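One file, protein.cif, carrying mmCIF, C-alpha atoms:
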```cif
data_query
loop_
_atom_site.group_PDB
_atom_site.id
_atom_site.type_symbol
_atom_site.label_atom_id
_atom_site.label_comp_id
_atom_site.auth_asym_id
_atom_site.auth_seq_id
_atom_site.Cartn_x
_atom_site.Cartn_y
_atom_site.Cartn_z
ATOM 1 C CA ASP A 12 -1.729 6.432 -10.659
ATOM 2 C CA GLY A 13 -3.963 8.029 -8.039
ATOM 3 C CA GLY A 14 -3.111 11.516 -6.923
ATOM 4 C CA ILE A 15 -3.718 15.247 -6.990
ATOM 5 C CA THR A 16 -2.809 17.424 -9.927
ATOM 6 C CA GLN A 17 -2.482 21.184 -9.909
ATOM 7 C CA SER A 18 -2.035 23.266 -12.978
ATOM 8 C CA PRO A 19 -0.225 25.227 -14.045
ATOM 9 C CA LYS A 20 2.965 24.920 -11.983
ATOM 10 C CA TYR A 21 3.823 28.589 -12.537
ATOM 11 C CA LEU A 22 1.339 31.376 -13.209
ATOM 12 C CA PHE A 23 1.969 35.033 -13.898
ATOM 13 C CA ARG A 24 -0.710 37.722 -13.859
ATOM 14 C CA LYS A 25 -1.000 41.450 -13.895
ATOM 15 C CA GLU A 26 -2.407 43.240 -10.883
ATOM 16 C CA GLY A 27 -6.183 43.684 -11.127
ATOM 17 C CA GLN A 28 -6.829 40.449 -13.006
ATOM 18 C CA ASN A 29 -8.673 37.464 -11.577
ATOM 19 C CA VAL A 30 -6.935 34.114 -11.972
ATOM 20 C CA THR A 31 -8.165 30.547 -11.432
ATOM 21 C CA LEU A 32 -5.958 27.748 -10.133
ATOM 22 C CA SER A 33 -6.901 24.193 -10.977
ATOM 23 C CA CYS A 34 -6.982 21.244 -8.574
ATOM 24 C CA GLU A 35 -8.078 17.750 -9.604
ATOM 25 C CA GLN A 36 -7.953 14.506 -7.613
ATOM 26 C CA ASN A 37 -8.693 10.918 -8.583
ATOM 27 C CA LEU A 38 -8.447 9.508 -5.062
ATOM 28 C CA ASN A 39 -12.225 9.518 -4.606
ATOM 29 C CA HIS A 40 -11.817 11.731 -1.538
ATOM 30 C CA ASP A 41 -14.794 13.677 -0.268
ATOM 31 C CA ALA A 42 -12.884 16.553 1.336
ATOM 32 C CA MET A 43 -10.651 19.040 -0.455
ATOM 33 C CA TYR A 44 -8.653 22.023 0.787
ATOM 34 C CA TRP A 45 -6.738 25.052 -0.449
ATOM 35 C CA TYR A 46 -3.713 26.383 1.419
ATOM 36 C CA ARG A 47 -1.488 29.364 0.882
ATOM 37 C CA GLN A 48 2.223 29.147 1.703
ATOM 38 C CA ASP A 49 4.445 32.155 2.323
ATOM 39 C CA PRO A 50 8.094 31.988 3.407
ATOM 40 C CA GLY A 51 8.469 31.522 7.154
ATOM 41 C CA GLN A 52 4.710 31.220 7.785
ATOM 42 C CA GLY A 53 3.889 27.598 7.160
ATOM 43 C CA LEU A 54 0.603 26.858 5.436
ATOM 44 C CA ARG A 55 -2.634 28.730 6.018
ATOM 45 C CA LEU A 56 -6.083 27.432 5.117
ATOM 46 C CA ILE A 57 -8.018 29.436 2.520
ATOM 47 C CA TYR A 58 -11.116 27.323 1.835
ATOM 48 C CA TYR A 59 -12.211 23.759 2.364
ATOM 49 C CA SER A 60 -14.989 21.551 1.086
ATOM 50 C CA GLN A 61 -16.250 18.414 2.791
ATOM 51 C CA ILE A 62 -18.706 17.436 0.087
ATOM 52 C CA VAL A 63 -19.809 18.388 -3.408
ATOM 53 C CA ASN A 64 -21.695 21.683 -3.661
ATOM 54 C CA ASP A 65 -20.598 22.752 -0.180
ATOM 55 C CA PHE A 66 -17.554 24.714 0.962
ATOM 56 C CA GLN A 67 -16.485 26.799 3.937
ATOM 57 C CA LYS A 68 -14.112 29.695 4.522
ATOM 58 C CA GLY A 69 -10.821 28.991 6.200
ATOM 59 C CA ASP A 70 -8.588 31.411 8.057
ATOM 60 C CA ILE A 71 -7.661 33.680 5.132
ATOM 61 C CA ALA A 72 -10.582 33.522 2.660
ATOM 62 C CA GLU A 73 -10.774 37.249 1.855
ATOM 63 C CA GLY A 74 -10.056 37.898 -1.813
ATOM 64 C CA TYR A 75 -10.531 34.261 -2.830
ATOM 65 C CA SER A 76 -13.454 32.207 -4.120
ATOM 66 C CA VAL A 77 -13.997 28.508 -4.836
ATOM 67 C CA SER A 78 -16.518 26.118 -6.326
ATOM 68 C CA ARG A 79 -17.129 22.404 -5.865
ATOM 69 C CA GLU A 80 -19.382 21.206 -8.652
ATOM 70 C CA LYS A 81 -17.673 17.827 -8.995
ATOM 71 C CA LYS A 82 -16.148 15.527 -6.406
ATOM 72 C CA GLU A 83 -12.794 15.455 -8.169
ATOM 73 C CA SER A 84 -12.406 19.188 -8.810
ATOM 74 C CA PHE A 85 -11.949 22.185 -6.489
ATOM 75 C CA PRO A 86 -10.772 25.279 -8.415
ATOM 76 C CA LEU A 87 -9.590 28.387 -6.579
ATOM 77 C CA THR A 88 -10.059 31.888 -7.992
ATOM 78 C CA VAL A 89 -7.748 34.607 -6.767
ATOM 79 C CA THR A 90 -9.635 37.840 -7.267
ATOM 80 C CA SER A 91 -8.368 41.371 -7.682
ATOM 81 C CA ALA A 92 -9.554 42.004 -4.114
ATOM 82 C CA GLN A 93 -6.732 39.867 -2.722
ATOM 83 C CA LYS A 94 -4.190 42.439 -1.596
ATOM 84 C CA ASN A 95 -1.098 40.275 -1.715
ATOM 85 C CA PRO A 96 -1.755 37.344 -4.054
ATOM 86 C CA THR A 97 1.833 36.373 -4.870
ATOM 87 C CA ALA A 98 2.389 33.056 -3.070
ATOM 88 C CA PHE A 99 2.653 29.299 -3.428
ATOM 89 C CA TYR A 100 -0.776 27.633 -3.430
ATOM 90 C CA LEU A 101 -1.298 24.027 -2.376
ATOM 91 C CA CYS A 102 -4.371 21.893 -2.826
ATOM 92 C CA ALA A 103 -5.066 18.845 -0.655
ATOM 93 C CA SER A 104 -7.682 16.154 -0.289
ATOM 94 C CA SER A 105 -8.599 13.702 2.441
ATOM 95 C CA THR A 106 -10.926 10.865 3.265
ATOM 96 C CA GLY A 107 -10.205 10.999 6.984
ATOM 97 C CA SER A 108 -7.639 12.792 9.099
ATOM 98 C CA GLU A 109 -4.743 12.311 6.683
ATOM 99 C CA GLN A 110 -4.398 14.926 3.951
ATOM 100 C CA TYR A 111 -2.666 14.351 0.632
ATOM 101 C CA PHE A 112 -1.133 17.324 -1.154
ATOM 102 C CA GLY A 113 -0.730 18.300 -4.770
ATOM 103 C CA PRO A 114 2.533 19.671 -6.224
ATOM 104 C CA GLY A 115 1.436 23.302 -5.888
ATOM 105 C CA THR A 116 1.088 26.351 -8.129
ATOM 106 C CA ARG A 117 3.357 29.354 -7.742
ATOM 107 C CA LEU A 118 1.429 32.518 -8.560
ATOM 108 C CA THR A 119 3.246 35.760 -9.254
ATOM 109 C CA VAL A 120 1.256 38.975 -9.628
ATOM 110 C CA THR A 121 3.020 42.112 -10.822
ATOM 111 C CA ALA B 7 -5.799 29.148 20.689
ATOM 112 C CA GLN B 8 -4.377 26.060 19.101
ATOM 113 C CA SER B 9 -0.880 26.525 17.718
ATOM 114 C CA VAL B 10 2.215 24.665 16.614
ATOM 115 C CA THR B 11 5.737 25.903 17.305
ATOM 116 C CA GLN B 12 8.858 24.785 15.513
ATOM 117 C CA PRO B 13 11.613 26.640 17.368
ATOM 118 C CA ASP B 14 14.347 26.073 14.792
ATOM 119 C CA ILE B 15 13.983 27.942 11.500
ATOM 120 C CA HIS B 16 17.176 26.550 9.978
ATOM 121 C CA ILE B 17 19.267 23.537 10.955
ATOM 122 C CA THR B 18 22.484 22.368 9.335
ATOM 123 C CA VAL B 19 23.910 18.903 9.939
ATOM 124 C CA SER B 20 26.665 16.839 8.397
ATOM 125 C CA GLU B 21 25.788 13.811 6.334
ATOM 126 C CA GLY B 22 25.724 10.748 8.580
ATOM 127 C CA ALA B 23 24.992 12.760 11.720
ATOM 128 C CA SER B 24 21.860 12.303 13.776
ATOM 129 C CA LEU B 25 18.958 14.723 13.516
ATOM 130 C CA GLU B 26 16.237 15.957 15.832
ATOM 131 C CA LEU B 27 13.657 18.535 14.773
ATOM 132 C CA ARG B 28 11.559 20.012 17.528
ATOM 133 C CA CYS B 29 7.810 20.537 17.558
ATOM 134 C CA ASN B 30 5.601 21.785 20.378
ATOM 135 C CA TYR B 31 1.866 22.318 20.289
ATOM 136 C CA SER B 32 -0.671 24.217 22.284
ATOM 137 C CA TYR B 33 -4.002 22.466 22.645
ATOM 138 C CA GLY B 34 -6.353 21.407 25.410
ATOM 139 C CA ALA B 35 -6.345 17.723 24.539
ATOM 140 C CA THR B 36 -4.161 15.344 22.558
ATOM 141 C CA PRO B 37 -4.511 16.235 18.901
ATOM 142 C CA TYR B 38 -3.628 14.129 15.918
ATOM 143 C CA LEU B 39 0.006 14.888 15.058
ATOM 144 C CA PHE B 40 1.804 14.858 11.720
ATOM 145 C CA TRP B 41 5.191 15.522 10.178
ATOM 146 C CA TYR B 42 5.391 16.500 6.516
ATOM 147 C CA VAL B 43 8.419 17.090 4.293
ATOM 148 C CA GLN B 44 8.604 19.496 1.367
ATOM 149 C CA SER B 45 11.336 19.613 -1.265
ATOM 150 C CA PRO B 46 11.856 23.017 -2.927
ATOM 151 C CA GLY B 47 8.948 23.982 -5.158
ATOM 152 C CA GLN B 48 7.071 20.768 -4.425
ATOM 153 C CA GLY B 49 4.016 19.675 -2.487
ATOM 154 C CA LEU B 50 4.056 18.123 0.966
ATOM 155 C CA GLN B 51 4.689 14.445 1.636
ATOM 156 C CA LEU B 52 3.545 12.788 4.836
ATOM 157 C CA LEU B 53 6.450 11.332 6.830
ATOM 158 C CA LEU B 54 4.513 9.957 9.796
ATOM 159 C CA LYS B 55 1.508 10.492 12.012
ATOM 160 C CA TYR B 56 0.367 9.867 15.566
ATOM 161 C CA PHE B 57 -3.239 9.293 16.504
ATOM 162 C CA SER B 58 -3.009 7.146 19.635
ATOM 163 C CA GLY B 59 -1.206 4.157 21.137
ATOM 164 C CA ASP B 60 2.553 3.665 21.104
ATOM 165 C CA THR B 61 4.145 7.079 21.523
ATOM 166 C CA LEU B 62 7.117 6.237 19.296
ATOM 167 C CA VAL B 63 6.014 6.130 15.678
ATOM 168 C CA GLN B 64 7.966 5.041 12.661
ATOM 169 C CA GLY B 65 7.648 6.746 9.314
ATOM 170 C CA ILE B 66 9.030 6.634 5.829
ATOM 171 C CA LYS B 67 12.640 7.346 4.834
ATOM 172 C CA GLY B 68 13.969 6.145 8.204
ATOM 173 C CA PHE B 69 12.303 8.879 10.272
ATOM 174 C CA GLU B 70 10.658 8.404 13.647
ATOM 175 C CA ALA B 71 8.918 10.715 16.094
ATOM 176 C CA GLU B 72 8.096 10.530 19.759
ATOM 177 C CA PHE B 73 4.976 11.985 21.337
ATOM 178 C CA LYS B 74 5.508 13.304 24.856
ATOM 179 C CA ARG B 75 2.237 14.382 26.420
ATOM 180 C CA SER B 76 3.877 15.995 29.458
ATOM 181 C CA GLN B 77 5.922 18.262 27.201
ATOM 182 C CA SER B 78 3.286 18.760 24.464
ATOM 183 C CA SER B 79 5.974 17.761 22.022
ATOM 184 C CA PHE B 80 6.294 15.603 18.920
ATOM 185 C CA ASN B 81 9.958 15.716 17.895
ATOM 186 C CA LEU B 82 11.164 14.160 14.661
ATOM 187 C CA ARG B 83 14.377 12.121 14.636
ATOM 188 C CA LYS B 84 16.640 10.309 12.235
ATOM 189 C CA PRO B 85 19.768 8.431 13.342
ATOM 190 C CA SER B 86 21.825 9.116 10.209
ATOM 191 C CA VAL B 87 21.017 11.911 7.780
ATOM 192 C CA HIS B 88 21.490 11.546 4.022
ATOM 193 C CA TRP B 89 22.126 14.439 1.637
ATOM 194 C CA SER B 90 18.712 13.779 0.075
ATOM 195 C CA ASP B 91 17.040 14.672 3.388
ATOM 196 C CA ALA B 92 17.732 18.358 2.756
ATOM 197 C CA ALA B 93 14.254 19.893 2.628
ATOM 198 C CA GLU B 94 11.754 21.807 4.725
ATOM 199 C CA TYR B 95 9.936 19.946 7.466
ATOM 200 C CA PHE B 96 6.541 20.873 8.840
ATOM 201 C CA CYS B 97 4.880 19.713 12.011
ATOM 202 C CA ALA B 98 1.073 19.873 12.001
ATOM 203 C CA ILE B 99 -1.843 19.037 14.241
ATOM 204 C CA ILE B 100 -5.545 18.416 13.763
ATOM 205 C CA PHE B 101 -7.993 19.440 16.427
ATOM 206 C CA SER B 102 -11.606 18.415 16.669
ATOM 207 C CA GLY B 103 -13.326 21.430 15.182
ATOM 208 C CA GLY B 104 -15.958 19.728 13.123
ATOM 209 C CA TYR B 105 -13.635 19.169 10.183
ATOM 210 C CA ASN B 106 -10.059 18.042 9.663
ATOM 211 C CA LYS B 107 -8.359 21.420 9.881
ATOM 212 C CA LEU B 108 -4.589 21.105 9.841
ATOM 213 C CA ILE B 109 -2.642 23.683 11.831
ATOM 214 C CA PHE B 110 0.951 23.961 10.670
ATOM 215 C CA GLY B 111 4.127 25.127 12.295
ATOM 216 C CA ALA B 112 6.276 27.612 10.389
ATOM 217 C CA GLY B 113 8.648 24.900 9.261
ATOM 218 C CA THR B 114 12.313 23.982 9.764
ATOM 219 C CA ARG B 115 14.644 24.137 6.794
ATOM 220 C CA LEU B 116 17.278 21.408 6.927
ATOM 221 C CA ALA B 117 20.605 21.729 5.135
ATOM 222 C CA VAL B 118 22.970 18.749 4.914
ATOM 223 C CA HIS B 119 26.737 19.210 4.539
ATOM 224 C CA PRO B 120 28.651 16.476 2.703
#
```

Hey, can you dump this file as structure tokens for me?
Amino acid sequence: DGGITQSPKYLFRKEGQNVTLSCEQNLNHDAMYWYRQDPGQGLRLIYYSQIVNDFQKGDIAEGYSVSREKKESFPLTVTSAQKNPTAFYLCASSTGSEQYFGPGTRLTVT
Amino acid sequence: AQSVTQPDIHITVSEGASLELRCNYSYGATPYLFWYVQSPGQGLQLLLKYFSGDTLVQGIKGFEAEFKRSQSSFNLRKPSVHWSDAAEYFCAIIFSGGYNKLIFGAGTRLAVHP
């Protein structure tokens, strides 16, 4: 089945540690996105990539980093510089205007 | 600045009742419009979309939405709600900014009473 996978579903980290969230898609989409979701705020764009080896900052990129070495993979690293990293993170991909979302990873930092 | 407003944070309806979720946008031209649904702890699923043409669009799960240019609105409707429709609903738009950036509303959480 074609789709987007995110792993793990739940992630727990201590404050000060970097953590990497995985996102893989087998839809052959060129574009991939990372969103952060907080209660009552909808989704906010962290980073996006329109093509392999290229990515751009979204609205809330501070404290995050990404890479796009392969078309199917777009991992997100939450660094210790992110002041409030506890959130639900959603990955998406698209081949046009319609975006398809993964199941999400809930990150808790204590 | 472009924005999406969903005025209702929470809505509760009885099973079998009709439903309308409101969405208004702020943008200089007609954007592409979307409604997504999210079950607790899950990703987003696309219900329907409007790009152009007929202003009444049909989606999955019996949902429809109507684009009204004069009101900058794209309200989601369902004639008879099922208990399984309880979820959070997000309205979103894409504007032509060089890439397909989705701008989301804050969401409306729907509860369904038996």

For this session: Just give me the residues with any atom within 9 Å of (4.9, 20.3, -1.2), file coordinates, counting only C-alpha atoms, written as a PyMOL selection string.
Result: (chain A and resi 101+112-115) or (chain B and resi 42-51)

Sorted by chain and rising residue number, which residues of chain A lie within 12 Å of chain B, and what are their closest atom pairs and distances in Å to one decimal, counting all atoms listed in the file, as CSV?
```
residue,atom,partner,partner_atom,distance
A:Gly14,CA,B:Gly49,CA,11.7
A:Ile15,CA,B:Gly49,CA,10.0
A:Thr16,CA,B:Gly49,CA,10.3
A:Gln17,CA,B:Gly49,CA,10.0
A:Lys20,CA,B:Gly47,CA,9.1
A:Tyr21,CA,B:Gly47,CA,10.1
A:Asp41,CA,B:Asn106,CA,11.8
A:Ala42,CA,B:Asn106,CA,8.9
A:Met43,CA,B:Asn106,CA,10.2
A:Tyr44,CA,B:Lys107,CA,9.1
A:Trp45,CA,B:Lys107,CA,11.1
A:Tyr46,CA,B:Leu108,CA,10.0
A:Arg47,CA,B:Phe110,CA,11.4
A:Gln48,CA,B:Ala112,CA,9.7
A:Asp49,CA,B:Ala112,CA,9.4
A:Pro50,CA,B:Ala112,CA,8.4
A:Gly51,CA,B:Ala112,CA,5.5
A:Gln52,CA,B:Ala112,CA,4.7
A:Gly53,CA,B:Ala112,CA,4.0
A:Leu54,CA,B:Phe110,CA,6.0
A:Arg55,CA,B:Phe110,CA,7.6
A:Leu56,CA,B:Lys107,CA,8.0
A:Ile57,CA,B:Lys107,CA,10.9
A:Tyr58,CA,B:Lys107,CA,10.4
A:Tyr59,CA,B:Lys107,CA,8.8
A:Ser60,CA,B:Tyr105,CA,9.5
A:Gln61,CA,B:Tyr105,CA,7.9
A:Ile62,CA,B:Tyr105,CA,11.4
A:Phe66,CA,B:Tyr105,CA,11.5
A:Gln67,CA,B:Tyr105,CA,10.3
A:Lys68,CA,B:Lys107,CA,11.4
A:Gly69,CA,B:Lys107,CA,8.8
A:Asp70,CA,B:Lys107,CA,10.2
A:Ala98,CA,B:Gly47,CA,11.4
A:Phe99,CA,B:Gly47,CA,8.4
A:Tyr100,CA,B:Gly49,CA,9.3
A:Leu101,CA,B:Gly49,CA,6.9
A:Cys102,CA,B:Gly49,CA,8.7
A:Ala103,CA,B:Leu50,CA,9.3
A:Ser104,CA,B:Asn106,CA,10.4
A:Ser105,CA,B:Asn106,CA,8.6
A:Thr106,CA,B:Asn106,CA,9.7
A:Gly107,CA,B:Asn106,CA,7.5
A:Ser108,CA,B:Asn106,CA,5.8
A:Glu109,CA,B:Asn106,CA,8.4
A:Gln110,CA,B:Leu52,CA,8.3
A:Tyr111,CA,B:Gln51,CA,7.4
A:Phe112,CA,B:Leu50,CA,5.7
A:Gly113,CA,B:Gly49,CA,5.4
A:Pro114,CA,B:Gly49,CA,4.0
A:Gly115,CA,B:Gly49,CA,5.6
A:Thr116,CA,B:Gly47,CA,8.7
A:Arg117,CA,B:Gly47,CA,8.2
A:Leu118,CA,B:Gly47,CA,11.9
```

Exercise. Do you know which residues the PyMOL selection byres ((chain A and resi 94) around 10) returns on this file, as a PyMOL selection string?
Worked result: chain A and resi 26-27+73-74+90-93+95-97

How about saving the chosen residues, C-alpha atoms kept, as a tab-separated table (two decimals), in the frame of the given file?
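New file result29.tsv:
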```tsv
chain	number	residue	atom	x	y	z
A	26	GLU	CA	-2.41	43.24	-10.88
A	27	GLY	CA	-6.18	43.68	-11.13
A	73	GLU	CA	-10.77	37.25	1.86
A	74	GLY	CA	-10.06	37.90	-1.81
A	90	THR	CA	-9.64	37.84	-7.27
A	91	SER	CA	-8.37	41.37	-7.68
A	92	ALA	CA	-9.55	42.00	-4.11
A	93	GLN	CA	-6.73	39.87	-2.72
A	95	ASN	CA	-1.10	40.28	-1.72
A	96	PRO	CA	-1.76	37.34	-4.05
A	97	THR	CA	1.83	36.37	-4.87
```

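Restricting the calculation to all atoms listed in the file, the smallest distance between Tyr33 of chain B and any of B:Lys67, B:Arg83, B:Arg75, B:His119 is found for B:Arg75.
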
Exercise. So what do you get for atom CA of Pro37 of chain B versus atom CA of Phe69 of chain B, distance-wise?
Worked result: 20.3 Å

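Note that atom CA of His40 of chain A and atom CA of Glu80 of chain A are 14.1 Å apart.
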
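Nearest to Gln36 of chain A of all the residues A:Asn64, A:Ser78, A:Ser18, A:Ser84 is A:Ser84, counting all atoms listed in the file.
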
For this session: Expand the PyMOL selection byres ((chain B and resi 89) around 8) into the individual residues it matches in the shown file, reporting them as a PyMOL selection string.
Result: chain B and resi 21+87-88+90-92+118-120

For the selection you just gave me, I'd like the residues written to a file as a PDB file, in the coordinates of the input, keeping C-alpha atoms.
```pdb
ATOM      1  CA  GLU B  21      25.788  13.811   6.334  1.00  0.00           C
ATOM      2  CA  VAL B  87      21.017  11.911   7.780  1.00  0.00           C
ATOM      3  CA  HIS B  88      21.490  11.546   4.022  1.00  0.00           C
ATOM      4  CA  SER B  90      18.712  13.779   0.075  1.00  0.00           C
ATOM      5  CA  ASP B  91      17.040  14.672   3.388  1.00  0.00           C
ATOM      6  CA  ALA B  92      17.732  18.358   2.756  1.00  0.00           C
ATOM      7  CA  VAL B 118      22.970  18.749   4.914  1.00  0.00           C
ATOM      8  CA  HIS B 119      26.737  19.210   4.539  1.00  0.00           C
ATOM      9  CA  PRO B 120      28.651  16.476   2.703  1.00  0.00           C
TER      10      PRO B 120
END
```

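Counting all atoms listed in the file and comparing B:Leu82, B:Ala93, B:Ala7, B:Ala23, the residue that lies closest to Gly65 of chain B is B:Leu82.
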
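One distance worth recording is that between atom CA of Ser9 of chain B and atom CA of Trp41 of chain B, which is 14.7 Å.
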
Put the listed atoms of segment 10-17 of chain B in a box along x, y and z with 6 Å added on every side and give me the centre and edge lengths in Å to one decimal, as lines of an AutoDock Vina configuration file.
```
center_x = 10.7
center_y = 25.7
center_z = 13.7
size_x = 29.1
size_y = 16.4
size_z = 19.4
```

Exercise. On this structure, which residues satisfy the PyMOL selection byres ((chain B and resi 76) around 12), written as a PyMOL selection string?
Worked result: chain B and resi 30-32+35-36+61+72-75+77-80

Problem set entry | Residue among A:Ser76, A:Thr119, A:Thr88, A:Asn39 lying closest to Leu22 of chain A, counting all atoms listed in the file | A:Thr119

Problem set entry | Closest of A:Ile71, A:Phe23, A:Asn29, A:Thr121 to Val89 of chain A - atom-to-atom distances counting only C-alpha atoms | A:Asn29
